[in-house]
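S.K.: Sharing work_8.cif below, mmCIF, C-alpha atoms and all ligand atoms:
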```cif
data_start
loop_
_atom_site.group_PDB
_atom_site.id
_atom_site.type_symbol
_atom_site.label_atom_id
_atom_site.label_comp_id
_atom_site.auth_asym_id
_atom_site.auth_seq_id
_atom_site.Cartn_x
_atom_site.Cartn_y
_atom_site.Cartn_z
ATOM 1 C CA MET U 1 -56.504 71.603 -142.570
ATOM 2 C CA THR U 2 -58.385 74.861 -142.356
ATOM 3 C CA ALA U 3 -61.817 74.537 -140.713
ATOM 4 C CA LEU U 4 -63.371 75.803 -143.941
ATOM 5 C CA PHE U 5 -62.679 72.443 -145.579
ATOM 6 C CA ASP U 6 -62.866 70.195 -142.524
ATOM 7 C CA LEU U 7 -65.594 67.529 -142.604
ATOM 8 C CA THR U 8 -64.679 65.852 -139.302
ATOM 9 C CA GLY U 9 -67.809 64.466 -137.628
ATOM 10 C CA LYS U 10 -69.963 64.872 -140.764
ATOM 11 C CA VAL U 11 -71.875 62.038 -142.410
ATOM 12 C CA ALA U 12 -72.028 61.943 -146.215
ATOM 13 C CA LEU U 13 -74.189 59.731 -148.418
ATOM 14 C CA VAL U 14 -72.745 59.250 -151.905
ATOM 15 C CA ALA U 15 -75.422 57.693 -154.115
ATOM 16 C CA GLY U 16 -73.747 56.189 -157.168
ATOM 17 C CA GLY U 17 -70.437 56.081 -155.353
ATOM 18 C CA GLY U 18 -69.456 52.549 -156.368
ATOM 19 C CA ARG U 19 -66.847 53.534 -158.953
ATOM 20 C CA GLY U 20 -65.631 56.360 -161.173
ATOM 21 C CA ILE U 21 -66.448 59.919 -160.171
ATOM 22 C CA GLY U 22 -68.568 58.875 -157.156
ATOM 23 C CA GLU U 23 -65.786 56.686 -155.765
ATOM 24 C CA ALA U 24 -63.212 59.503 -156.070
ATOM 25 C CA ILE U 25 -65.587 61.944 -154.360
ATOM 26 C CA ALA U 26 -66.378 59.472 -151.551
ATOM 27 C CA LEU U 27 -62.677 58.934 -150.818
ATOM 28 C CA GLY U 28 -61.964 62.678 -151.053
ATOM 29 C CA LEU U 29 -64.688 63.418 -148.494
ATOM 30 C CA ALA U 30 -63.295 60.662 -146.246
ATOM 31 C CA ASP U 31 -59.818 62.228 -146.497
ATOM 32 C CA ALA U 32 -61.403 65.501 -145.311
ATOM 33 C CA GLY U 33 -62.782 63.712 -142.224
ATOM 34 C CA ALA U 34 -66.306 62.573 -143.144
ATOM 35 C CA ASP U 35 -67.883 59.203 -142.450
ATOM 36 C CA ILE U 36 -69.237 57.821 -145.701
ATOM 37 C CA ALA U 37 -72.221 55.767 -146.833
ATOM 38 C CA ILE U 38 -71.811 54.419 -150.360
ATOM 39 C CA ALA U 39 -74.996 53.496 -152.168
ATOM 40 C CA ALA U 40 -75.059 51.859 -155.585
ATOM 41 C CA ARG U 41 -76.550 48.895 -157.365
ATOM 42 C CA THR U 42 -73.489 46.643 -157.441
ATOM 43 C CA PRO U 43 -72.517 45.008 -154.118
ATOM 44 C CA GLY U 44 -68.842 44.385 -155.102
ATOM 45 C CA ASP U 45 -68.280 48.054 -155.885
ATOM 46 C CA ILE U 46 -69.836 49.465 -152.748
ATOM 47 C CA ASP U 47 -68.016 46.966 -150.525
ATOM 48 C CA SER U 48 -64.600 47.874 -151.944
ATOM 49 C CA VAL U 49 -65.213 51.636 -151.650
ATOM 50 C CA ALA U 50 -66.523 51.168 -148.086
ATOM 51 C CA ALA U 51 -63.364 49.190 -147.254
ATOM 52 C CA ALA U 52 -61.176 51.993 -148.669
ATOM 53 C CA VAL U 53 -63.049 54.501 -146.464
ATOM 54 C CA THR U 54 -62.448 52.336 -143.401
ATOM 55 C CA GLU U 55 -58.743 52.071 -144.280
ATOM 56 C CA ARG U 56 -58.656 55.879 -144.064
ATOM 57 C CA GLY U 57 -59.840 55.628 -140.449
ATOM 58 C CA ARG U 58 -63.449 56.735 -141.106
ATOM 59 C CA ARG U 59 -66.678 54.877 -140.533
ATOM 60 C CA SER U 60 -68.441 53.533 -143.613
ATOM 61 C CA ALA U 61 -71.664 51.868 -144.689
ATOM 62 C CA ALA U 62 -72.275 49.971 -147.929
ATOM 63 C CA ILE U 63 -75.894 50.269 -149.037
ATOM 64 C CA GLN U 64 -77.195 48.369 -152.043
ATOM 65 C CA LEU U 65 -79.693 50.664 -153.736
ATOM 66 C CA ASP U 66 -81.292 51.301 -157.091
ATOM 67 C CA VAL U 67 -82.039 55.027 -156.954
ATOM 68 C CA SER U 68 -84.690 54.693 -159.654
ATOM 69 C CA LYS U 69 -86.836 52.594 -157.276
ATOM 70 C CA VAL U 70 -88.488 55.274 -155.187
ATOM 71 C CA ASP U 71 -89.759 52.825 -152.561
ATOM 72 C CA GLU U 72 -86.147 51.758 -151.814
ATOM 73 C CA LEU U 73 -85.032 55.292 -150.936
ATOM 74 C CA GLU U 74 -86.546 55.844 -147.488
ATOM 75 C CA PRO U 75 -85.373 52.470 -146.097
ATOM 76 C CA ALA U 76 -81.889 53.150 -147.505
ATOM 77 C CA VAL U 77 -81.735 56.557 -145.813
ATOM 78 C CA ASP U 78 -82.983 55.001 -142.549
ATOM 79 C CA ARG U 79 -80.163 52.446 -142.765
ATOM 80 C CA VAL U 80 -77.543 55.158 -143.230
ATOM 81 C CA VAL U 81 -78.900 57.041 -140.214
ATOM 82 C CA ASP U 82 -78.962 53.841 -138.106
ATOM 83 C CA GLU U 83 -75.395 52.910 -139.055
ATOM 84 C CA LEU U 84 -73.658 56.306 -139.177
ATOM 85 C CA GLY U 85 -76.029 58.987 -137.818
ATOM 86 C CA GLU U 86 -77.966 61.835 -139.457
ATOM 87 C CA ILE U 87 -76.855 62.790 -142.961
ATOM 88 C CA ASP U 88 -75.104 66.172 -143.351
ATOM 89 C CA ILE U 89 -74.083 65.825 -146.999
ATOM 90 C CA LEU U 90 -75.770 64.123 -149.954
ATOM 91 C CA PHE U 91 -74.148 63.572 -153.353
ATOM 92 C CA ASN U 92 -76.459 62.453 -156.172
ATOM 93 C CA VAL U 93 -73.944 60.826 -158.517
ATOM 94 C CA ALA U 94 -75.832 57.865 -160.044
ATOM 95 C CA GLY U 95 -76.203 58.348 -163.757
ATOM 96 C CA ILE U 96 -76.675 56.323 -166.953
ATOM 97 C CA ASN U 97 -76.681 57.185 -170.646
ATOM 98 C CA ILE U 98 -78.260 55.677 -173.765
ATOM 99 C CA ARG U 99 -76.812 56.781 -177.115
ATOM 100 C CA LYS U 100 -79.375 56.806 -179.907
ATOM 101 C CA PRO U 101 -80.790 59.246 -182.434
ATOM 102 C CA ALA U 102 -83.842 61.061 -181.063
ATOM 103 C CA THR U 103 -85.926 59.555 -183.882
ATOM 104 C CA GLU U 104 -85.283 56.046 -182.520
ATOM 105 C CA LEU U 105 -85.414 56.303 -178.737
ATOM 106 C CA ALA U 106 -88.078 54.058 -177.165
ATOM 107 C CA GLU U 107 -90.293 55.210 -174.320
ATOM 108 C CA GLU U 108 -88.841 52.504 -172.075
ATOM 109 C CA GLU U 109 -85.305 53.848 -172.698
ATOM 110 C CA PHE U 110 -86.492 57.394 -172.022
ATOM 111 C CA ASP U 111 -87.933 56.270 -168.666
ATOM 112 C CA GLN U 112 -84.800 54.306 -167.747
ATOM 113 C CA VAL U 113 -82.523 57.333 -168.110
ATOM 114 C CA MET U 114 -84.911 59.857 -166.570
ATOM 115 C CA ASP U 115 -85.654 57.523 -163.649
ATOM 116 C CA VAL U 116 -81.991 57.175 -162.629
ATOM 117 C CA ASN U 117 -80.614 60.603 -163.562
ATOM 118 C CA PHE U 118 -83.523 62.821 -162.544
ATOM 119 C CA LYS U 119 -86.248 61.002 -160.616
ATOM 120 C CA GLY U 120 -83.730 59.216 -158.400
ATOM 121 C CA ALA U 121 -81.959 62.476 -157.525
ATOM 122 C CA TYR U 122 -85.300 64.208 -156.932
ATOM 123 C CA PHE U 123 -86.725 61.680 -154.498
ATOM 124 C CA LEU U 124 -83.459 60.944 -152.709
ATOM 125 C CA SER U 125 -83.062 64.698 -152.146
ATOM 126 C CA GLN U 126 -86.650 64.702 -150.862
ATOM 127 C CA GLN U 127 -85.931 61.918 -148.347
ATOM 128 C CA VAL U 128 -82.658 63.409 -147.128
ATOM 129 C CA GLY U 129 -83.940 67.005 -147.287
ATOM 130 C CA LYS U 130 -86.955 66.157 -145.086
ATOM 131 C CA ARG U 131 -84.621 64.859 -142.400
ATOM 132 C CA MET U 132 -82.235 67.808 -142.714
ATOM 133 C CA ILE U 133 -85.144 70.242 -142.313
ATOM 134 C CA ALA U 134 -86.587 68.359 -139.314
ATOM 135 C CA ARG U 135 -83.163 68.259 -137.639
ATOM 136 C CA GLY U 136 -82.593 72.003 -138.125
ATOM 137 C CA LYS U 137 -78.813 71.876 -138.605
ATOM 138 C CA GLY U 138 -78.653 72.683 -142.324
ATOM 139 C CA GLY U 139 -76.930 70.501 -144.884
ATOM 140 C CA LYS U 140 -75.353 70.190 -148.298
ATOM 141 C CA ILE U 141 -76.767 68.555 -151.413
ATOM 142 C CA VAL U 142 -74.599 68.234 -154.509
ATOM 143 C CA ASN U 143 -75.962 66.947 -157.814
ATOM 144 C CA ILE U 144 -73.559 65.633 -160.429
ATOM 145 C CA ALA U 145 -74.685 67.367 -163.599
ATOM 146 C CA SER U 146 -72.938 67.422 -166.991
ATOM 147 C CA LEU U 147 -71.816 69.588 -169.888
ATOM 148 C CA THR U 148 -75.296 68.799 -171.234
ATOM 149 C CA THR U 149 -76.796 70.739 -168.323
ATOM 150 C CA GLY U 150 -75.769 73.834 -170.283
ATOM 151 C CA MET U 151 -75.217 72.728 -173.884
ATOM 152 C CA GLY U 152 -76.518 70.235 -176.440
ATOM 153 C CA LEU U 153 -74.679 67.173 -177.712
ATOM 154 C CA PRO U 154 -76.181 64.955 -180.425
ATOM 155 C CA LYS U 155 -77.606 61.456 -179.982
ATOM 156 C CA ILE U 156 -77.845 61.656 -176.207
ATOM 157 C CA THR U 157 -80.975 63.781 -176.024
ATOM 158 C CA VAL U 158 -82.672 62.060 -173.097
ATOM 159 C CA TYR U 159 -79.430 62.221 -171.084
ATOM 160 C CA THR U 160 -79.233 65.919 -172.038
ATOM 161 C CA GLY U 161 -82.843 66.442 -170.922
ATOM 162 C CA SER U 162 -82.243 64.642 -167.630
ATOM 163 C CA LYS U 163 -79.105 66.662 -166.832
ATOM 164 C CA GLY U 164 -80.791 69.926 -167.841
ATOM 165 C CA ALA U 165 -83.618 69.053 -165.470
ATOM 166 C CA LEU U 166 -81.085 68.240 -162.744
ATOM 167 C CA GLY U 167 -79.560 71.716 -163.140
ATOM 168 C CA GLN U 168 -82.969 73.332 -162.739
ATOM 169 C CA LEU U 169 -83.844 71.059 -159.789
ATOM 170 C CA THR U 170 -80.631 72.300 -158.170
ATOM 171 C CA LYS U 171 -81.849 75.892 -158.435
ATOM 172 C CA GLY U 172 -85.405 75.089 -157.329
ATOM 173 C CA LEU U 173 -84.305 73.191 -154.212
ATOM 174 C CA ALA U 174 -81.668 75.836 -153.450
ATOM 175 C CA VAL U 175 -84.256 78.597 -153.185
ATOM 176 C CA GLU U 176 -86.858 76.412 -151.446
ATOM 177 C CA TRP U 177 -84.476 75.174 -148.745
ATOM 178 C CA ALA U 178 -82.216 78.225 -148.306
ATOM 179 C CA GLU U 179 -84.187 79.233 -145.194
ATOM 180 C CA HIS U 180 -83.171 75.892 -143.638
ATOM 181 C CA ASP U 181 -79.468 76.582 -144.271
ATOM 182 C CA ILE U 182 -79.344 73.776 -146.820
ATOM 183 C CA GLN U 183 -77.115 74.572 -149.796
ATOM 184 C CA VAL U 184 -77.936 72.786 -153.045
ATOM 185 C CA ASN U 185 -75.413 73.001 -155.869
ATOM 186 C CA ALA U 186 -74.341 71.024 -158.924
ATOM 187 C CA LEU U 187 -70.902 69.927 -160.059
ATOM 188 C CA ALA U 188 -70.836 69.492 -163.833
ATOM 189 C CA PRO U 189 -67.891 67.397 -165.048
ATOM 190 C CA GLY U 190 -66.425 67.805 -168.521
ATOM 191 C CA PHE U 191 -65.121 64.715 -170.302
ATOM 192 C CA VAL U 192 -63.828 62.321 -167.646
ATOM 193 C CA ALA U 193 -62.399 58.893 -168.413
ATOM 194 C CA THR U 194 -64.546 56.335 -166.538
ATOM 195 C CA ALA U 195 -66.286 53.033 -167.240
ATOM 196 C CA LEU U 196 -69.435 54.973 -168.231
ATOM 197 C CA ASN U 197 -67.809 56.116 -171.457
ATOM 198 C CA SER U 198 -64.737 53.829 -171.844
ATOM 199 C CA HIS U 199 -65.872 52.838 -175.364
ATOM 200 C CA LEU U 200 -65.445 56.482 -176.429
ATOM 201 C CA TRP U 201 -61.787 56.702 -175.403
ATOM 202 C CA GLU U 202 -61.013 53.777 -177.669
ATOM 203 C CA ASN U 203 -62.326 55.812 -180.621
ATOM 204 C CA GLU U 204 -59.401 57.859 -181.966
ATOM 205 C CA GLU U 205 -61.583 60.351 -183.840
ATOM 206 C CA PHE U 206 -63.613 61.047 -180.718
ATOM 207 C CA ASN U 207 -60.488 61.422 -178.571
ATOM 208 C CA THR U 208 -59.036 63.960 -181.000
ATOM 209 C CA TRP U 209 -62.339 65.872 -181.055
ATOM 210 C CA ILE U 210 -62.392 66.067 -177.243
ATOM 211 C CA LEU U 211 -58.788 67.262 -177.009
ATOM 212 C CA ASP U 212 -59.444 69.923 -179.657
ATOM 213 C CA ARG U 213 -62.644 70.997 -177.925
ATOM 214 C CA THR U 214 -61.099 71.180 -174.421
ATOM 215 C CA PRO U 215 -58.964 74.301 -173.850
ATOM 216 C CA ALA U 216 -56.936 72.415 -171.180
ATOM 217 C CA HIS U 217 -56.210 69.885 -173.960
ATOM 218 C CA ARG U 218 -56.639 66.827 -171.793
ATOM 219 C CA VAL U 219 -59.334 64.493 -170.569
ATOM 220 C CA GLY U 220 -60.365 64.834 -166.923
ATOM 221 C CA THR U 221 -59.850 62.239 -164.214
ATOM 222 C CA PRO U 222 -62.292 61.386 -161.413
ATOM 223 C CA GLU U 223 -59.731 62.949 -159.025
ATOM 224 C CA ASP U 224 -60.082 66.282 -160.906
ATOM 225 C CA MET U 225 -63.631 66.453 -159.495
ATOM 226 C CA VAL U 226 -62.635 66.112 -155.835
ATOM 227 C CA GLY U 227 -61.553 69.685 -155.019
ATOM 228 C CA THR U 228 -64.836 71.227 -156.169
ATOM 229 C CA ALA U 229 -66.822 68.406 -154.555
ATOM 230 C CA LEU U 230 -65.075 69.080 -151.241
ATOM 231 C CA PHE U 231 -65.706 72.839 -151.555
ATOM 232 C CA LEU U 232 -69.430 72.229 -152.149
ATOM 233 C CA ALA U 233 -69.633 69.800 -149.203
ATOM 234 C CA ALA U 234 -67.717 71.982 -146.746
ATOM 235 C CA PRO U 235 -68.327 75.154 -144.693
ATOM 236 C CA ALA U 236 -66.279 77.027 -147.345
ATOM 237 C CA SER U 237 -69.431 77.098 -149.536
ATOM 238 C CA ASP U 238 -71.979 78.100 -146.864
ATOM 239 C CA PHE U 239 -73.075 81.189 -148.873
ATOM 240 C CA VAL U 240 -73.036 79.413 -152.259
ATOM 241 C CA THR U 241 -76.300 77.864 -153.381
ATOM 242 C CA GLY U 242 -78.148 77.113 -156.629
ATOM 243 C CA GLN U 243 -74.951 77.097 -158.701
ATOM 244 C CA VAL U 244 -73.826 74.768 -161.455
ATOM 245 C CA ILE U 245 -70.025 74.665 -161.386
ATOM 246 C CA TYR U 246 -68.407 73.285 -164.533
ATOM 247 C CA VAL U 247 -65.218 71.315 -163.864
ATOM 248 C CA ASP U 248 -64.369 70.850 -167.502
ATOM 249 C CA GLY U 249 -60.926 72.179 -168.477
ATOM 250 C CA GLY U 250 -62.582 75.262 -169.981
ATOM 251 C CA ILE U 251 -65.077 73.724 -172.424
ATOM 252 C CA MET U 252 -68.046 75.841 -171.329
ATOM 253 C CA ALA U 253 -65.913 78.987 -171.413
ATOM 254 C CA GLY U 254 -65.415 78.706 -175.172
ATOM 255 C CA SER U 255 -63.243 77.134 -177.839
ATOM 256 C CA VAL U 256 -59.623 77.597 -178.813
ATOM 257 C CA TRP U 257 -59.023 78.317 -182.507
ATOM 258 C CA PRO U 258 -55.946 78.161 -184.733
ATOM 259 C CA LEU U 259 -54.997 81.860 -184.839
HETATM 260 N N1 LIG U 301 -67.590 60.368 -167.097
HETATM 261 C C1 LIG U 301 -67.924 61.525 -167.634
HETATM 262 O O1 LIG U 301 -67.306 61.995 -168.604
HETATM 263 C C2 LIG U 301 -69.064 62.304 -167.065
HETATM 264 C C3 LIG U 301 -69.259 63.578 -167.563
HETATM 265 C C4 LIG U 301 -70.314 64.334 -167.057
HETATM 266 C C5 LIG U 301 -71.137 63.811 -166.087
HETATM 267 N N2 LIG U 301 -70.925 62.550 -165.631
HETATM 268 C C6 LIG U 301 -71.844 62.059 -164.590
HETATM 269 O O2 LIG U 301 -71.109 61.666 -163.465
HETATM 270 C C7 LIG U 301 -71.831 60.640 -162.763
HETATM 271 C C8 LIG U 301 -70.893 59.464 -162.520
HETATM 272 O O3 LIG U 301 -70.439 59.010 -163.776
HETATM 273 P P1 LIG U 301 -69.187 58.046 -163.964
HETATM 274 O O4 LIG U 301 -68.560 58.452 -165.244
HETATM 275 O O5 LIG U 301 -68.395 57.956 -162.721
HETATM 276 O O6 LIG U 301 -69.987 56.699 -164.235
HETATM 277 P P2 LIG U 301 -69.822 55.197 -163.759
HETATM 278 O O7 LIG U 301 -70.703 54.421 -164.669
HETATM 279 O O8 LIG U 301 -68.375 54.813 -163.660
HETATM 280 O O9 LIG U 301 -70.424 55.236 -162.283
HETATM 281 C C9 LIG U 301 -71.791 55.391 -162.088
HETATM 282 C C10 LIG U 301 -72.135 54.930 -160.706
HETATM 283 O O10 LIG U 301 -73.559 55.069 -160.537
HETATM 284 C C11 LIG U 301 -74.088 53.840 -160.085
HETATM 285 N N3 LIG U 301 -75.444 53.692 -160.590
HETATM 286 C C12 LIG U 301 -75.867 53.633 -161.879
HETATM 287 N N4 LIG U 301 -77.191 53.440 -161.896
HETATM 288 C C13 LIG U 301 -77.600 53.389 -160.608
HETATM 289 C C14 LIG U 301 -78.850 53.210 -159.977
HETATM 290 N N5 LIG U 301 -79.971 53.020 -160.672
HETATM 291 N N6 LIG U 301 -78.894 53.238 -158.625
HETATM 292 C C15 LIG U 301 -77.776 53.407 -157.891
HETATM 293 N N7 LIG U 301 -76.573 53.566 -158.433
HETATM 294 C C16 LIG U 301 -76.486 53.551 -159.774
HETATM 295 C C17 LIG U 301 -73.170 52.767 -160.639
HETATM 296 O O11 LIG U 301 -73.291 51.570 -159.877
HETATM 297 C C18 LIG U 301 -71.818 53.449 -160.452
HETATM 298 O O12 LIG U 301 -71.360 53.290 -159.123
HETATM 299 C C19 LIG U 301 -73.041 60.301 -163.639
HETATM 300 O O13 LIG U 301 -74.167 60.981 -163.158
HETATM 301 C C20 LIG U 301 -72.645 60.849 -164.997
HETATM 302 O O14 LIG U 301 -73.768 61.202 -165.771
HETATM 303 C C21 LIG U 301 -69.911 61.775 -166.095
#
```
Would you mind writing the file's structure down as structure tokens?
M.R.:
Amino acid sequence: MTALFDLTGKVALVAGGGRGIGEAIALGLADAGADIAIAARTPGDIDSVAAAVTERGRRSAAIQLDVSKVDELEPAVDRVVDELGEIDILFNVAGINIRKPATELAEEEFDQVMDVNFKGAYFLSQQVGKRMIARGKGGKIVNIASLTTGMGLPKITVYTGSKGALGQLTKGLAVEWAEHDIQVNALAPGFVATALNSHLWENEEFNTWILDRTPAHRVGTPEDMVGTALFLAAPASDFVTGQVIYVDGGIMAGSVWPL
């Protein structure tokens, strides 16, 4: 493997890495040589991903964590550092969605989504960023954004707001921490079949709409996210910061039409 994509000796924390996109990214980083800490709410998930990392010959740590609980973040980061060493790479993957018309969303639901998707990523970046700055060896932070970082979709307005905010946080942190050689970028997946949205794939009308709307004419897989994730975690992206990269089969580029 070229050194540009080699993560040997690096420690990555994947928050929300228990399944789906986070799991695929965690295993992809392990394949590139990194030791991996998986943090998520569900113990079963994190244990199985940690075991898969170990099977690949890397060190792993399984950390039970609710990213929306700010007081849990510092102890979780301390545990990762104790078990694996200082963190070189952070992925903020944890995300939830509530589908409801904007006229009906309750304040409690608003807070739930914002607290996981935005507040969690903000304060986990703060905890990890503080340590990266103090250590003076740079680092990589990658936020998992969404199509809704750059476009609107109906009946998921708080999700859209949270992912828009995450895109802007990416830019703000990128400029604030550039002098510390910390690159902060976002990977924005298109439609990817995971447990988060499995109910949608069972809906034929929705499936047809997605295929028509996606120039690549297919739904993404978690593994489709790994190449860009690796690029953003590796030395190959050392002069790339503050970017939102859409990995979406062409959706953000435009639509195909029947001409
Ligand atoms: N699947 C898609 O089509 C799609 C598209 C765009 C963006 N995304 C984003 O990608 C990310 C991963 O989505 P996915 O489809 O793999 O979802 P998923 O539901 O399969 O996985 C989400 C992961 O986040 C963890 N998580 C949720 N809330 C948490 C919390 N409070 N604290 C810690 N961990 C928590 C879950 O345990 C799980 O491991 C999310 O941020 C999502 O918004 C997904």
S.K.: Report as a list in words all protein, DNA and RNA residues lying within 8 Å of Ala32 of chain U, evaluated on all atoms listed in the file, omitting residues in the same chain fewer than 4 positions from it.
M.R.: Phe5, Asp6, Leu7, Thr8, Gly28 and Leu230 of chain U
S.K.: Could you give me, as CSV, a per-residue list for chain U showing, wherever an atom lies at most 7 Å from an atom of ligand LIG 301 (chain U), the closest pair of atoms and their distance in Å to one decimal, using only C-alpha atoms and all ligand atoms and sorting by chain then residue number from low to high?
M.R.:
```
residue,atom,partner,partner_atom,distance
U:Ala15,CA,U:LIG301,N7,6.1
U:Gly16,CA,U:LIG301,O10,3.6
U:Gly17,CA,U:LIG301,O12,4.8
U:Gly18,CA,U:LIG301,O12,3.4
U:Arg19,CA,U:LIG301,O12,4.5
U:Gly20,CA,U:LIG301,O5,3.5
U:Ile21,CA,U:LIG301,O5,3.8
U:Gly22,CA,U:LIG301,O5,5.6
U:Ala39,CA,U:LIG301,C15,6.4
U:Ala40,CA,U:LIG301,N7,3.6
U:Arg41,CA,U:LIG301,C15,4.7
U:Thr42,CA,U:LIG301,O11,5.5
U:Asp45,CA,U:LIG301,O12,6.9
U:Leu65,CA,U:LIG301,C15,5.3
U:Asp66,CA,U:LIG301,N6,3.4
U:Val67,CA,U:LIG301,N6,4.0
U:Ser68,CA,U:LIG301,N5,5.1
U:Val93,CA,U:LIG301,O13,4.6
U:Ala94,CA,U:LIG301,O10,3.6
U:Gly95,CA,U:LIG301,O13,3.4
U:Ile96,CA,U:LIG301,C12,5.8
U:Asn97,CA,U:LIG301,O14,7.0
U:Val116,CA,U:LIG301,N5,5.0
U:Asn117,CA,U:LIG301,O13,6.5
U:Ile144,CA,U:LIG301,O13,5.4
U:Ala145,CA,U:LIG301,C5,5.6
U:Ser146,CA,U:LIG301,C4,4.1
U:Leu147,CA,U:LIG301,C4,6.2
U:Ala188,CA,U:LIG301,C4,6.1
U:Pro189,CA,U:LIG301,C4,4.4
U:Gly190,CA,U:LIG301,C3,5.2
U:Phe191,CA,U:LIG301,O1,3.9
U:Val192,CA,U:LIG301,O1,3.6
U:Ala193,CA,U:LIG301,N1,5.6
U:Thr194,CA,U:LIG301,O4,4.7
U:Ala195,CA,U:LIG301,O8,4.5
U:Leu196,CA,U:LIG301,O7,3.8
U:Asn197,CA,U:LIG301,N1,6.1
```
S.K.: To test your reading of the syntax: which residues would the PyMOL selection byres (((chain U and resi 173-176) around 10) and not hetatm) return for the file shown? Reply as a PDB file with C-alpha atoms, in the coordinates of the input.
M.R.:
```pdb
ATOM      1  CA  TYR U 122     -85.300  64.208-156.932  1.00  0.00           C
ATOM      2  CA  SER U 125     -83.062  64.698-152.146  1.00  0.00           C
ATOM      3  CA  GLN U 126     -86.650  64.702-150.862  1.00  0.00           C
ATOM      4  CA  GLY U 129     -83.940  67.005-147.287  1.00  0.00           C
ATOM      5  CA  LYS U 140     -75.353  70.190-148.298  1.00  0.00           C
ATOM      6  CA  ILE U 141     -76.767  68.555-151.413  1.00  0.00           C
ATOM      7  CA  GLN U 168     -82.969  73.332-162.739  1.00  0.00           C
ATOM      8  CA  LEU U 169     -83.844  71.059-159.789  1.00  0.00           C
ATOM      9  CA  THR U 170     -80.631  72.300-158.170  1.00  0.00           C
ATOM     10  CA  LYS U 171     -81.849  75.892-158.435  1.00  0.00           C
ATOM     11  CA  GLY U 172     -85.405  75.089-157.329  1.00  0.00           C
ATOM     12  CA  TRP U 177     -84.476  75.174-148.745  1.00  0.00           C
ATOM     13  CA  ALA U 178     -82.216  78.225-148.306  1.00  0.00           C
ATOM     14  CA  GLU U 179     -84.187  79.233-145.194  1.00  0.00           C
ATOM     15  CA  HIS U 180     -83.171  75.892-143.638  1.00  0.00           C
ATOM     16  CA  ASP U 181     -79.468  76.582-144.271  1.00  0.00           C
ATOM     17  CA  ILE U 182     -79.344  73.776-146.820  1.00  0.00           C
ATOM     18  CA  GLN U 183     -77.115  74.572-149.796  1.00  0.00           C
ATOM     19  CA  VAL U 184     -77.936  72.786-153.045  1.00  0.00           C
ATOM     20  CA  ASN U 185     -75.413  73.001-155.869  1.00  0.00           C
ATOM     21  CA  VAL U 240     -73.036  79.413-152.259  1.00  0.00           C
ATOM     22  CA  THR U 241     -76.300  77.864-153.381  1.00  0.00           C
ATOM     23  CA  GLY U 242     -78.148  77.113-156.629  1.00  0.00           C
ATOM     24  CA  GLN U 243     -74.951  77.097-158.701  1.00  0.00           C
TER      25      GLN U 243
END
```
S.K.: Would you kindly translate the PyMOL selection byres (((chain U and resi 101) around 10) and not hetatm) into the concrete residues it picks from this file, as a PyMOL selection string?
M.R.: chain U and resi 98-100+102-105+154-158
S.K.: Looking at only C-alpha atoms, which of U:Ala12, U:Asn143, U:Glu23, U:Asp88 is the one that sits closest to Lys130 of chain U?
M.R.: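 Going through U:Ala12, U:Asn143, U:Glu23, U:Asp88 one by one, the smallest distance to Lys130 of chain U is for U:Asp88.
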S.K.: Which distance in Å separates atom CA of Thr208 of chain U and atom CA of Leu259 of chain U, to one decimal?
M.R.: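 Atom CA of Leu259 of chain U lies at a distance of 18.7 Å from atom CA of Thr208 of chain U.
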S.K.: Enter the distance from atom CA of Asp111 of chain U to atom CA of Gly164 of chain U, in Å, rounded to one decimal.
M.R.: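 Computing it gives 15.4 Å between the two atoms.
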S.K.: Ranking U:Ala30, U:Glu55, U:Leu4, U:Glu202 by minimum distance to Ala236 of chain U and counting only C-alpha atoms, which one comes first?
M.R.: U:Leu4
S.K.: Using only C-alpha atoms, which residue out of U:Ile63, U:Leu211, U:Gly44, U:Leu84 lies closest to Val14 of chain U?
M.R.: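 That would be U:Ile63, the residue with the smallest distance to Val14 of chain U.
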S.K.: Which of these, U:Lys69, U:Arg56, U:Arg218, U:Lys10, has the shortest distance to Lys137 of chain U once you count only C-alpha atoms?
M.R.: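 Under the stated criterion, the closest residue is U:Lys10.
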S.K.: One number please: atom CA of Glu205 of chain U to atom CA of Leu187 of chain U, in Å, one decimal.
M.R.: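 Computed distance, atom CA of Glu205 of chain U to atom CA of Leu187 of chain U, equals 27.3 Å.
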S.K.: So that I can check the surroundings of Ala253 of chain U, please list as a list of chain:residue names every protein, DNA and RNA residue that reaches within 9 Å of it, counting only C-alpha atoms and ignoring chain neighbours fewer than 3 positions away.
M.R.: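 Counting only the stated atoms, we get U:Pro215, U:Gly249, U:Gly250.
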S.K.: For a quick check of understanding, using all atoms listed in the file, which of U:Trp257, U:Phe206, U:Trp201, U:Phe123 has the smallest distance to Glu74 of chain U?
M.R.: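 Of U:Trp257, U:Phe206, U:Trp201, U:Phe123, the one nearest Glu74 of chain U is U:Phe123, counting all atoms listed in the file.
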